[in-house]
Structure formats: C-alpha cells, structure tokens
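Asks: If it helps, the file is called entry.csv and holds CSV, C-alpha atoms and all ligand atoms:
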```
chain,number,residue,atom,x,y,z
S,1,MET,CA,-13.6,-17.1,-14.3
S,2,LYS,CA,-17.4,-17.0,-14.2
S,3,LYS,CA,-19.3,-15.2,-11.5
S,4,GLN,CA,-20.6,-18.4,-9.8
S,5,GLU,CA,-17.0,-19.8,-9.6
S,6,PHE,CA,-15.8,-16.6,-8.0
S,7,ILE,CA,-18.7,-16.8,-5.4
S,8,ARG,CA,-17.7,-20.4,-4.7
S,9,GLU,CA,-14.1,-19.4,-4.2
S,10,LEU,CA,-15.1,-16.6,-1.9
S,11,ALA,CA,-17.4,-18.9,0.1
S,12,LEU,CA,-14.4,-21.3,0.5
S,13,ALA,CA,-12.2,-18.4,1.7
S,14,LEU,CA,-14.8,-17.5,4.2
S,15,GLU,CA,-15.0,-21.1,5.3
S,16,ARG,CA,-18.6,-21.4,4.3
S,17,PRO,CA,-18.3,-24.3,1.7
S,18,ASP,CA,-21.7,-25.6,2.5
S,19,GLU,CA,-23.8,-22.6,3.2
S,20,GLY,CA,-22.5,-20.7,0.2
S,21,LEU,CA,-23.1,-17.0,-0.3
S,22,GLN,CA,-26.3,-15.4,-1.6
S,23,GLU,CA,-25.8,-12.1,-3.5
S,24,ASP,CA,-28.4,-10.1,-1.6
S,25,VAL,CA,-27.0,-11.0,1.8
S,26,LEU,CA,-25.7,-8.2,3.9
S,27,LEU,CA,-22.0,-8.6,4.7
S,28,ALA,CA,-22.7,-7.5,8.2
S,29,ASP,CA,-25.0,-10.5,8.6
S,30,ILE,CA,-22.2,-13.0,7.6
S,31,PRO,CA,-20.4,-13.9,10.8
S,32,GLU,CA,-17.3,-14.9,8.9
S,33,TRP,CA,-17.0,-11.5,7.2
S,34,ASP,CA,-14.4,-10.0,9.5
S,35,SER,CA,-11.2,-8.0,8.9
S,36,LEU,CA,-9.3,-11.1,7.8
S,37,ALA,CA,-12.1,-12.0,5.4
S,38,VAL,CA,-11.6,-8.6,3.8
S,39,ILE,CA,-7.9,-9.3,3.3
S,40,SER,CA,-8.8,-12.8,1.9
S,41,PHE,CA,-11.1,-11.1,-0.6
S,42,ILE,CA,-8.3,-8.7,-1.7
S,43,ALA,CA,-5.9,-11.7,-2.0
S,44,LEU,CA,-8.4,-13.7,-4.1
S,45,VAL,CA,-8.7,-10.8,-6.5
S,46,ASP,CA,-5.0,-10.4,-6.7
S,47,GLU,CA,-4.4,-14.1,-7.3
S,48,HIS,CA,-7.1,-14.7,-9.9
S,49,PHE,CA,-7.2,-11.4,-11.8
S,50,GLY,CA,-3.8,-9.8,-10.9
S,51,ALA,CA,-5.7,-6.7,-9.9
S,52,ALA,CA,-5.6,-4.6,-6.8
S,53,VAL,CA,-8.9,-3.9,-5.0
S,54,GLU,CA,-9.3,-0.2,-4.0
S,55,GLY,CA,-9.7,0.1,-0.3
S,56,GLU,CA,-12.3,2.8,-0.7
S,57,LYS,CA,-14.6,0.7,-2.9
S,58,LEU,CA,-14.3,-2.2,-0.5
S,59,ALA,CA,-15.1,-0.1,2.5
S,60,ALA,CA,-18.3,1.0,0.8
S,61,ALA,CA,-19.5,-2.5,0.0
S,62,THR,CA,-22.4,-3.7,2.1
S,63,THR,CA,-23.6,-6.8,0.2
S,64,VAL,CA,-22.1,-9.8,-1.5
S,65,ALA,CA,-23.5,-8.2,-4.7
S,66,ASP,CA,-21.4,-5.1,-4.1
S,67,LEU,CA,-18.3,-7.4,-3.9
S,68,ILE,CA,-19.2,-8.9,-7.2
S,69,VAL,CA,-19.5,-5.4,-8.7
S,70,ILE,CA,-15.9,-4.8,-7.7
S,71,VAL,CA,-14.7,-7.9,-9.6
S,72,GLN,CA,-17.2,-7.6,-12.5
S,73,PRO,CA,-14.8,-6.2,-15.1
S,74,HIS,CA,-12.6,-9.4,-14.7
S,75,LEU,CA,-15.5,-12.0,-14.8
S,76,GLU,CA,-16.5,-13.9,-17.9
S,77,ASP,CA,-20.1,-13.7,-19.0
H,1,MET,CA,42.8,16.8,-3.5
H,2,ASP,CA,42.8,13.4,-1.8
H,3,GLU,CA,42.7,12.3,1.9
H,4,LYS,CA,46.5,12.5,2.2
H,5,THR,CA,46.6,16.2,1.4
H,6,THR,CA,43.5,17.3,3.2
H,7,GLY,CA,43.5,15.0,6.2
H,8,LEU,CA,39.8,14.6,5.7
H,9,ILE,CA,38.4,11.1,5.5
H,10,ASN,CA,35.2,9.4,4.4
H,11,PRO,CA,34.8,6.2,6.3
H,12,LEU,CA,31.8,5.3,4.2
H,13,SER,CA,33.8,5.5,0.9
H,14,LEU,CA,33.1,2.6,-1.4
H,15,ALA,CA,35.6,3.7,-4.1
H,16,ARG,CA,36.9,0.8,-6.2
H,17,ARG,CA,34.3,-1.6,-4.8
H,18,ARG,CA,32.1,-3.7,-7.0
H,19,ILE,CA,28.8,-4.3,-5.4
H,20,LEU,CA,25.8,-6.3,-6.6
H,21,VAL,CA,22.4,-4.8,-5.6
H,22,THR,CA,19.3,-7.0,-6.1
H,23,GLY,CA,15.8,-5.4,-6.2
H,24,ALA,CA,17.6,-2.4,-7.8
H,25,SER,CA,14.6,-1.7,-10.2
H,26,SER,CA,12.5,-0.4,-7.4
H,27,GLY,CA,12.1,1.1,-3.9
H,28,ILE,CA,14.9,0.3,-1.4
H,29,GLY,CA,17.1,-1.5,-3.9
H,30,ARG,CA,17.1,1.5,-6.3
H,31,ALA,CA,17.8,4.0,-3.6
H,32,THR,CA,20.7,1.7,-2.4
H,33,ALA,CA,22.2,1.4,-5.9
H,34,GLU,CA,22.0,5.2,-6.2
H,35,LEU,CA,23.7,5.8,-2.9
H,36,LEU,CA,26.4,3.2,-3.4
H,37,ALA,CA,27.3,4.8,-6.7
H,38,ARG,CA,27.5,8.2,-5.0
H,39,LEU,CA,29.9,6.7,-2.5
H,40,GLY,CA,32.2,5.6,-5.4
H,41,ALA,CA,31.1,2.0,-5.9
H,42,SER,CA,30.7,0.3,-9.3
H,43,VAL,CA,27.2,-1.1,-9.0
H,44,ILE,CA,25.7,-4.1,-10.7
H,45,VAL,CA,22.0,-3.5,-10.6
H,46,ALA,CA,19.8,-6.7,-10.6
H,47,GLY,CA,16.1,-7.4,-11.1
H,48,ARG,CA,13.9,-9.1,-13.6
H,49,ASP,CA,13.0,-6.3,-16.0
H,50,GLU,CA,15.8,-5.0,-18.3
H,51,GLU,CA,14.0,-1.7,-19.0
H,52,ARG,CA,13.4,-0.8,-15.3
H,53,LEU,CA,17.0,-1.8,-14.6
H,54,ALA,CA,18.2,0.4,-17.4
H,55,ARG,CA,16.3,3.3,-15.8
H,56,THR,CA,18.1,2.8,-12.4
H,57,ARG,CA,21.4,2.3,-14.1
H,58,SER,CA,21.1,5.6,-16.0
H,59,SER,CA,20.4,7.4,-12.8
H,60,LEU,CA,23.7,6.3,-11.2
H,61,VAL,CA,26.5,8.8,-10.9
H,62,GLY,CA,30.0,7.7,-12.0
H,63,ASP,CA,30.9,4.9,-14.4
H,64,GLY,CA,31.6,1.3,-14.4
H,65,HIS,CA,28.1,0.3,-13.6
H,66,SER,CA,26.3,-2.6,-15.2
H,67,GLN,CA,23.0,-4.5,-15.1
H,68,ILE,CA,21.8,-8.0,-15.1
H,69,ALA,CA,18.3,-9.4,-15.3
H,70,PHE,CA,17.5,-12.7,-13.7
H,71,ASP,CA,14.7,-14.3,-11.7
H,72,LEU,CA,15.7,-14.9,-8.1
H,73,SER,CA,13.2,-17.7,-7.8
H,74,ALA,CA,15.4,-19.9,-10.0
H,75,ILE,CA,17.5,-20.8,-6.9
H,76,ASP,CA,20.0,-23.2,-8.3
H,77,GLU,CA,21.0,-20.8,-11.1
H,78,ILE,CA,22.1,-18.1,-8.6
H,79,PRO,CA,25.5,-19.3,-7.5
H,80,GLY,CA,26.6,-19.7,-11.1
H,81,ILE,CA,25.4,-16.2,-12.0
H,82,VAL,CA,27.4,-14.7,-9.1
H,83,ALA,CA,30.5,-16.6,-10.1
H,84,ARG,CA,30.1,-15.4,-13.7
H,85,LEU,CA,29.8,-11.8,-12.5
H,86,ALA,CA,33.1,-12.1,-10.7
H,87,LYS,CA,34.8,-13.9,-13.6
H,88,GLU,CA,33.7,-11.4,-16.2
H,89,GLY,CA,33.9,-8.1,-14.3
H,90,GLY,CA,36.2,-8.7,-11.3
H,91,ALA,CA,35.8,-9.8,-7.7
H,92,LEU,CA,32.8,-8.5,-5.7
H,93,SER,CA,33.2,-6.4,-2.6
H,94,GLY,CA,29.6,-6.7,-1.6
H,95,ILE,CA,26.1,-7.9,-2.1
H,96,ALA,CA,23.1,-5.8,-1.0
H,97,HIS,CA,20.1,-8.2,-1.3
H,98,CYS,CA,17.1,-5.8,-1.4
H,99,ALA,CA,14.7,-7.9,-3.6
H,100,GLY,CA,11.7,-9.3,-1.8
H,101,VAL,CA,8.0,-9.8,-2.0
H,102,GLN,CA,5.2,-9.1,0.4
H,103,ALA,CA,1.7,-10.4,0.1
H,104,GLY,CA,-0.9,-10.5,2.9
H,105,ARG,CA,-2.9,-13.8,3.3
H,106,PRO,CA,-4.8,-14.8,6.3
H,107,MET,CA,-4.0,-18.4,7.3
H,108,ARG,CA,-7.4,-19.6,6.2
H,109,ILE,CA,-6.3,-19.2,2.5
H,110,VAL,CA,-2.5,-20.0,2.8
H,111,ASP,CA,-1.4,-22.9,0.7
H,112,GLN,CA,1.8,-24.6,-0.3
H,113,ASN,CA,2.2,-22.6,-3.5
H,114,PHE,CA,1.9,-19.3,-1.6
H,115,MET,CA,4.4,-20.4,1.0
H,116,ASP,CA,6.8,-21.7,-1.5
H,117,ASP,CA,6.7,-18.5,-3.5
H,118,LEU,CA,7.4,-16.3,-0.5
H,119,PHE,CA,10.1,-18.5,1.0
H,120,ARG,CA,11.9,-18.9,-2.3
H,121,VAL,CA,12.2,-15.1,-3.1
H,122,ASN,CA,12.5,-13.9,0.5
H,123,VAL,CA,14.7,-16.6,2.1
H,124,GLN,CA,16.2,-19.1,-0.4
H,125,SER,CA,17.4,-16.5,-2.9
H,126,GLY,CA,19.6,-14.8,-0.2
H,127,LEU,CA,21.0,-18.1,0.8
H,128,ALA,CA,21.9,-18.9,-2.8
H,129,LEU,CA,23.5,-15.5,-3.2
H,130,ALA,CA,25.5,-16.2,-0.1
H,131,ARG,CA,26.6,-19.6,-1.5
H,132,GLY,CA,27.6,-17.8,-4.7
H,133,PHE,CA,29.5,-15.1,-2.9
H,134,ARG,CA,31.9,-17.4,-1.0
H,135,GLN,CA,33.1,-19.3,-4.1
H,136,ARG,CA,36.8,-19.0,-4.7
H,137,GLY,CA,37.7,-15.9,-6.7
H,138,VAL,CA,34.3,-14.2,-6.0
H,139,PRO,CA,34.8,-12.1,-2.8
H,140,ALA,CA,37.3,-9.2,-2.9
H,141,SER,CA,39.0,-8.3,0.4
H,142,GLY,CA,36.8,-6.6,2.9
H,143,ALA,CA,33.7,-8.4,1.4
H,144,ALA,CA,30.4,-7.9,3.1
H,145,MET,CA,26.8,-8.9,2.5
H,146,VAL,CA,23.6,-7.1,3.7
H,147,LEU,CA,20.2,-8.8,3.7
H,148,VAL,CA,17.0,-6.9,3.9
H,149,SER,CA,14.7,-8.4,6.5
H,150,SER,CA,11.8,-6.4,8.2
H,151,VAL,CA,10.4,-5.5,11.6
H,152,SER,CA,7.9,-8.2,10.7
H,153,ALA,CA,10.6,-10.6,11.9
H,154,PHE,CA,9.9,-9.3,15.4
H,155,VAL,CA,6.3,-8.1,15.4
H,156,GLY,CA,3.4,-10.4,14.5
H,157,GLN,CA,0.8,-9.1,12.2
H,158,ALA,CA,-2.5,-10.8,11.4
H,159,SER,CA,-2.7,-11.9,7.7
H,160,ASN,CA,1.1,-11.5,7.4
H,161,VAL,CA,2.1,-14.8,9.0
H,162,VAL,CA,4.1,-16.2,6.0
H,163,TYR,CA,5.8,-13.0,5.3
H,164,CYS,CA,6.8,-12.6,9.0
H,165,ALA,CA,8.1,-16.1,9.0
H,166,THR,CA,10.3,-15.4,5.9
H,167,LYS,CA,11.7,-12.3,7.5
H,168,GLY,CA,12.4,-14.1,10.8
H,169,ALA,CA,14.3,-16.7,8.8
H,170,VAL,CA,16.4,-13.9,7.2
H,171,VAL,CA,17.5,-12.7,10.7
H,172,SER,CA,18.4,-16.3,11.8
H,173,ALA,CA,20.2,-16.9,8.5
H,174,THR,CA,22.2,-13.7,8.9
H,175,LYS,CA,23.7,-14.9,12.2
H,176,ALA,CA,24.5,-18.4,10.9
H,177,LEU,CA,26.0,-17.1,7.7
H,178,ALA,CA,28.1,-14.6,9.6
H,179,VAL,CA,29.6,-17.5,11.7
H,180,GLU,CA,30.1,-19.8,8.7
H,181,PHE,CA,31.6,-17.1,6.5
H,182,MET,CA,34.2,-15.9,9.0
H,183,ARG,CA,36.7,-18.3,7.5
H,184,ASP,CA,35.9,-16.7,4.1
H,185,LYS,CA,36.3,-13.2,5.5
H,186,ILE,CA,32.9,-12.2,4.4
H,187,ARG,CA,30.8,-10.2,6.9
H,188,VAL,CA,27.0,-10.8,6.8
H,189,ASN,CA,24.5,-8.4,8.4
H,190,CYS,CA,20.9,-7.5,7.9
H,191,VAL,CA,18.6,-4.5,8.2
H,192,CYS,CA,15.0,-4.6,9.5
H,193,PRO,CA,12.9,-1.7,8.2
H,194,ALA,CA,9.4,-0.8,9.2
H,195,LEU,CA,7.1,0.8,6.6
H,196,VAL,CA,9.1,2.6,3.9
H,197,GLU,CA,7.6,4.6,1.1
H,198,THR,CA,8.2,2.4,-1.9
H,199,GLU,CA,6.2,0.8,-4.7
H,200,MET,CA,5.6,-2.1,-2.2
H,201,ALA,CA,4.1,0.3,0.3
H,202,ASP,CA,2.0,1.9,-2.5
H,203,ARG,CA,0.5,-1.5,-3.3
H,204,PHE,CA,-0.2,-2.1,0.4
H,205,ARG,CA,-1.9,1.3,0.6
H,206,THR,CA,-4.3,0.8,-2.3
H,207,THR,CA,-5.9,-2.1,-0.4
H,208,MET,CA,-6.9,0.3,2.5
H,209,SER,CA,-9.3,3.1,2.7
H,210,ASP,CA,-7.8,6.6,3.3
H,211,GLU,CA,-9.0,6.5,6.9
H,212,GLN,CA,-7.4,3.1,7.5
H,213,TRP,CA,-4.1,4.3,6.0
H,214,GLN,CA,-4.1,7.5,8.1
H,215,GLY,CA,-4.6,5.3,11.2
H,216,TYR,CA,-1.8,3.0,10.2
H,217,VAL,CA,0.7,5.8,9.5
H,218,ALA,CA,-0.2,7.6,12.7
H,219,GLN,CA,1.4,4.8,14.7
H,220,TYR,CA,4.8,6.0,13.4
H,221,PRO,CA,6.2,8.6,15.9
H,222,MET,CA,8.7,9.9,13.3
H,223,GLY,CA,6.6,9.3,10.2
H,224,ILE,CA,7.2,6.4,7.8
H,225,GLY,CA,10.6,5.8,6.3
H,226,GLN,CA,12.1,6.9,3.0
H,227,PRO,CA,14.1,4.5,0.8
H,228,ALA,CA,17.3,6.6,1.5
H,229,ASP,CA,16.9,5.9,5.2
H,230,ILE,CA,17.5,2.2,4.5
H,231,ALA,CA,20.1,2.8,1.8
H,232,ASN,CA,22.2,4.8,4.3
H,233,SER,CA,22.4,1.8,6.7
H,234,VAL,CA,23.0,-0.7,4.0
H,235,ALA,CA,25.9,1.4,2.7
H,236,PHE,CA,27.3,1.7,6.2
H,237,LEU,CA,27.2,-2.0,6.8
H,238,LEU,CA,28.9,-2.7,3.5
H,239,SER,CA,31.7,-0.1,4.2
H,240,ASP,CA,34.9,-0.6,6.2
H,241,ALA,CA,33.4,1.6,8.9
H,242,ALA,CA,31.4,-1.6,9.8
H,243,ARG,CA,34.5,-3.7,9.8
H,244,TRP,CA,33.8,-5.1,13.3
H,245,ILE,CA,30.0,-5.5,12.8
H,246,ASN,CA,29.0,-9.1,11.9
H,247,GLY,CA,25.8,-11.1,12.2
H,248,THR,CA,23.9,-8.1,13.4
H,249,THR,CA,20.4,-7.0,12.8
H,250,LEU,CA,19.8,-3.3,12.5
H,251,VAL,CA,16.3,-2.2,13.2
H,252,LEU,CA,15.3,0.9,11.1
H,253,ASP,CA,11.9,2.0,12.2
H,254,GLY,CA,11.8,5.7,13.3
H,255,GLY,CA,11.3,4.6,16.9
H,256,LEU,CA,8.3,2.5,16.2
H,257,LEU,CA,9.3,-0.5,18.3
H,258,ALA,CA,10.8,1.7,21.1
H,259,GLY,CA,7.5,2.9,22.5
S,301,LIG,N1,8.7,-1.1,1.7
S,301,LIG,C1,8.6,-1.5,3.0
S,301,LIG,O1,7.7,-0.9,3.7
S,301,LIG,C2,9.4,-2.6,3.5
S,301,LIG,C3,9.4,-2.7,4.9
S,301,LIG,C4,10.2,-3.8,5.5
S,301,LIG,C5,11.0,-4.6,4.6
S,301,LIG,N2,10.9,-4.4,3.3
S,301,LIG,C6,11.7,-5.3,2.5
S,301,LIG,O2,12.6,-4.5,1.7
S,301,LIG,C7,12.9,-5.2,0.5
S,301,LIG,C8,12.7,-4.2,-0.7
S,301,LIG,O3,11.3,-3.8,-0.6
S,301,LIG,P1,10.7,-2.6,-1.5
S,301,LIG,O4,9.8,-1.9,-0.7
S,301,LIG,O5,11.9,-1.8,-2.1
S,301,LIG,O6,9.9,-3.4,-2.6
S,301,LIG,P2,9.5,-3.1,-4.1
S,301,LIG,O7,9.5,-1.6,-4.4
S,301,LIG,O8,8.3,-3.9,-4.4
S,301,LIG,O9,10.8,-3.7,-4.9
S,301,LIG,C9,11.0,-5.1,-4.9
S,301,LIG,C10,12.2,-5.5,-5.7
S,301,LIG,O10,12.4,-6.9,-5.7
S,301,LIG,C11,12.6,-7.4,-7.0
S,301,LIG,N3,12.1,-8.7,-7.1
S,301,LIG,C12,10.9,-9.2,-6.6
S,301,LIG,N4,10.8,-10.5,-6.9
S,301,LIG,C13,11.9,-10.9,-7.7
S,301,LIG,C14,12.4,-12.1,-8.3
S,301,LIG,N5,11.7,-13.2,-8.3
S,301,LIG,N6,13.6,-12.0,-8.9
S,301,LIG,C15,14.3,-10.9,-9.0
S,301,LIG,N7,13.9,-9.7,-8.4
S,301,LIG,C16,12.7,-9.7,-7.8
S,301,LIG,C17,11.8,-6.4,-7.9
S,301,LIG,O11,12.3,-6.5,-9.2
S,301,LIG,P3,11.4,-6.6,-10.5
S,301,LIG,O12,11.7,-5.3,-11.3
S,301,LIG,O13,11.9,-7.8,-11.2
S,301,LIG,O14,9.9,-6.7,-10.1
S,301,LIG,C18,12.0,-5.1,-7.2
S,301,LIG,O15,13.2,-4.5,-7.7
S,301,LIG,C19,12.0,-6.4,0.5
S,301,LIG,O16,12.8,-7.5,0.9
S,301,LIG,C20,11.0,-6.1,1.5
S,301,LIG,O17,10.4,-7.2,2.1
S,301,LIG,C21,10.2,-3.4,2.7
```
When written as structure tokens, how does the structure in this file appear?
Replies:
Amino acid sequence: MKKQEFIRELALALERPDEGLQEDVLLADIPEWDSLAVISFIALVDEHFGAAVEGEKLAAATTVADLIVIVQPHLED
Amino acid sequence: MDEKTTGLINPLSLARRRILVTGASSGIGRATAELLARLGASVIVAGRDEERLARTRSSLVGDGHSQIAFDLSAIDEIPGIVARLAKEGGALSGIAHCAGVQAGRPMRIVDQNFMDDLFRVNVQSGLALARGFRQRGVPASGAAMVLVSSVSAFVGQASNVVYCATKGAVVSATKALAVEFMRDKIRVNCVCPALVETEMADRFRTTMSDEQWQGYVAQYPMGIGQPADIANSVAFLLSDAARWINGTTLVLDGGLLAG
C-alpha cells in the first residue's frame, strides 16, 4: 500500500472522506481524532499490514505525519 | 491405593474421560488441557498449528493424549471431524471450547467481513461442535460441554461491540443447547472470564501505553486472572461434581462486576 492510499483509508476511518488529511495537521486540531479514532488507526494497521501498533509510539504522535512514520516500514515507495 | 481403601475421593477426577480442548495451543485452552490431563483425562488438543499443538501435547502429564489441527472457521467440516474423533479413538466425555478471537473495531469501521469472521469463530464454531457432539456414538455417559464466553457478554465496551455481541450469543446458545441436549444427556455450560493474562491479553496490551494499561488493570480488585483460574472452573463444569449444573453461566472476574 502506498502512503497516499493509507492516508485516504485513514481519512475514511475518521469519516473525513471529503476534507482528507494533511500531513502537517496537528491531531489535536482534528475533531474526529478521539479515543475511538485511535483504535480505528490500530485496527487499520492490523488489517492492512498484520502489524501491532505500539501504544507508547501512538501516544507520542502529535501530527498526521507522526502516524505515517509509525506505518512507514510497511508502505510501498 | 485407590478410593476404596483410603476413603478419600476426588470429585473432580476425570480419569478415563476423553476430552476435546479447542484453542489448546495458547492461553486458556492450553492451561485447560494441562489441568484436564492432571485430573486424569485423555486430552485431544485442537488448534490450527501442528507445532504449537505439539508443544502443548508434550507438556501434558499422563498418556493417551492426541492432537488435531483444523480451522474452526470451516463450520460445515466440524461435525464430521468430531464424529471421526469418536470413531477412531472412542466416545468423547467432554468438549472444552476455548478457541476464540478478539479484535477491537469502533462501529465506524465495522463491515460484513469483520462481523462474519468474529461470529464464525466465536459463535458458529461452538454450535457446530455441539452438533458434532450429539451425534450417535459420539458422547460417552456423563458427557458435558463448556463454552468460553466473556464478561463482555454483560458489560458494554466502546470499540468492542461485535466481540461483545458474539460473547452474548454464546451465553444464549449455552442455555438453549442445554435444553435441547437434555434428551442426549449432554450438559452444556459456559464460563465468562474478565481479563486473563494470555497471548490474547498481550496483544491487547501492546496497543496501549503503559499508563493506559496500568489504569485498566487497576480496575481489578483482585488483579487480572491467570489461565489456571479459568481452567479450574472448566474442569469443574466437565466433572461429575457439576452433574446437576446445566445451562449455567459462571462469571470469573476476581470480583470485577461485584463492585
Ligand atoms: N484472555 C482474556 O482476557 C479473555 C477474557 C475473556 C474471554 N476470553 C475468551 O477465552 C477464549 C480463549 O482466549 P485466550 O486468551 O486463551 O486467547 P489466545 O491466547 O489468543 O488463544 C486463542 C486460541 O484460539 C485458537 N483459534 C483462534 N482462531 C481459530 C480458528 N479459526 N480455528 C482454530 N483455532 C482457532 C488459537 O489457535 P491457533 O494456534 O490456531 O491460533 C488459540 O489456541 C476466547 O474465546 C476468548 O474470547 C479471553
């Protein structure tokens, strides 16, 4: 999966199909980024990459770009 | 020396019982298989992975144990597999159905595939095992089945709706199976554990920060459960000591729901 595809999937999971997600946006500024969105992110990573997200890394993420860094090893160039 | 000479009894004895344990490659199922063997049963350990099953099997005390690898999501294969086990190795005294899957998904990303997967492994597989168990020649006298549900059947959790629904279904199925199988002389009960320290709980834990995990565990007045805590109750419900217990749900939660 390419980076842009993953961002699109994440936007869908956050129910932002139209607005999308910019990488430099602060998660705190996305109204849909709540505790259930966090679990949706974990589920997406599990489903698409069969990988477990480490809770500590996720807790430290502050921007969309930080989320991408977490899944980077699984993304195609 | 036996019971006749000593006067001592072991009401939990499972000597000369053949019992199928699903999910025996991990967590609660593995602990159950180990305990049933120590109570004298011949255990058939089931899961999908031969190697992991072989590891459980080699940890069992006593002899007469065997293993069988099959996927519980192939529902229509299951009754035939149970019949074959009885035909080839002798009637079954019990089934401890410990296999199951947990995956958290908020409703916003739940789809049919996800629901189907969970319902197949957590609900339908147990029903298919039950169907297999009651076939002629399969159950031995004193037969009993124990299903593993969860406290999630009774307590709602955000992002766990589908799992909770599957576990609620297991509680309902237990009662209806108990009623339908009276004529077959098979008792059916279920246990509902809260959080137990298994591989499943490990996976759940990795998705939380340490702080979140500590907060979660702190809700447990007696700490979280050990696989042996569940195995003990499964063994009891399979034994003749539970002869008059049928269609019941036993909550195993270290007092979590009491307070
Ligand atoms: N741990 C808890 O906190 C907790 C709390 C309440 C209820 N429970 C319930 O207790 C049961 C056991 O949980 P656990 O913690 O022991 O889980 P676990 O360590 O993840 O073990 C699950 C077992 O189920 C087997 N399994 C899964 N899918 C299967 C399939 N399609 N076909 C055949 N076998 C399959 C696995 O075998 P493979 O080797 O084939 O993967 C494994 O042996 C589950 O029903 C769970 O919902 C657990």
Asks: Can you pull out every residue with an atom within 6 Å of ligand LIG 301 (chain S)? Use all atoms listed in the file and format it as an MDAnalysis selection string.
Replies: chainID H and resid 23:29 47:49 70:73 98:102 121 148:150 193:201
Asks: Sorted by chain and rising residue number, which residues of chain S lie within 8 Å of chain H, and what are their closest atom pairs and distances in Å to one decimal, counting only C-alpha atoms, as a tab-separated table?
Replies:
```
residue	atom	partner	partner_atom	distance
S:Ala13	CA	H:Ile109	CA	6.0
S:Leu14	CA	H:Arg108	CA	7.9
S:Glu15	CA	H:Arg108	CA	7.8
S:Leu36	CA	H:Pro106	CA	6.0
S:Ala37	CA	H:Pro106	CA	7.9
S:Ile39	CA	H:Arg105	CA	6.7
S:Ser40	CA	H:Arg105	CA	6.1
S:Ile42	CA	H:Thr207	CA	7.1
S:Ala43	CA	H:Arg105	CA	6.4
S:Ala52	CA	H:Thr207	CA	6.9
S:Val53	CA	H:Thr207	CA	5.8
S:Glu54	CA	H:Thr207	CA	5.3
S:Gly55	CA	H:Met208	CA	4.0
S:Glu56	CA	H:Ser209	CA	4.5
S:Leu58	CA	H:Ser209	CA	8.0
S:Ala59	CA	H:Ser209	CA	6.6
```
Asks: Between CA of Leu252 (chain H) and CA of Cys192 (chain H), what distance in Å does the model show, to one decimal?
Replies: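 Rounded to one decimal, the two atoms are 5.7 Å apart.
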Asks: Distance cut-off 9 Å, centre (24.8, -6.5, 0.9) in file coordinates, counting all atoms listed in the file: which residues qualify? Return them as a ChimeraX atom specification.
Replies: /H:19-22,94-98,144-148,188-190,234-235,237-238
Asks: Figure out the distance between CA of Asp46 (chain S) and CA of Leu67 (chain S), please, to one decimal in Å.
Replies: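 These two atoms are separated by 13.9 Å.
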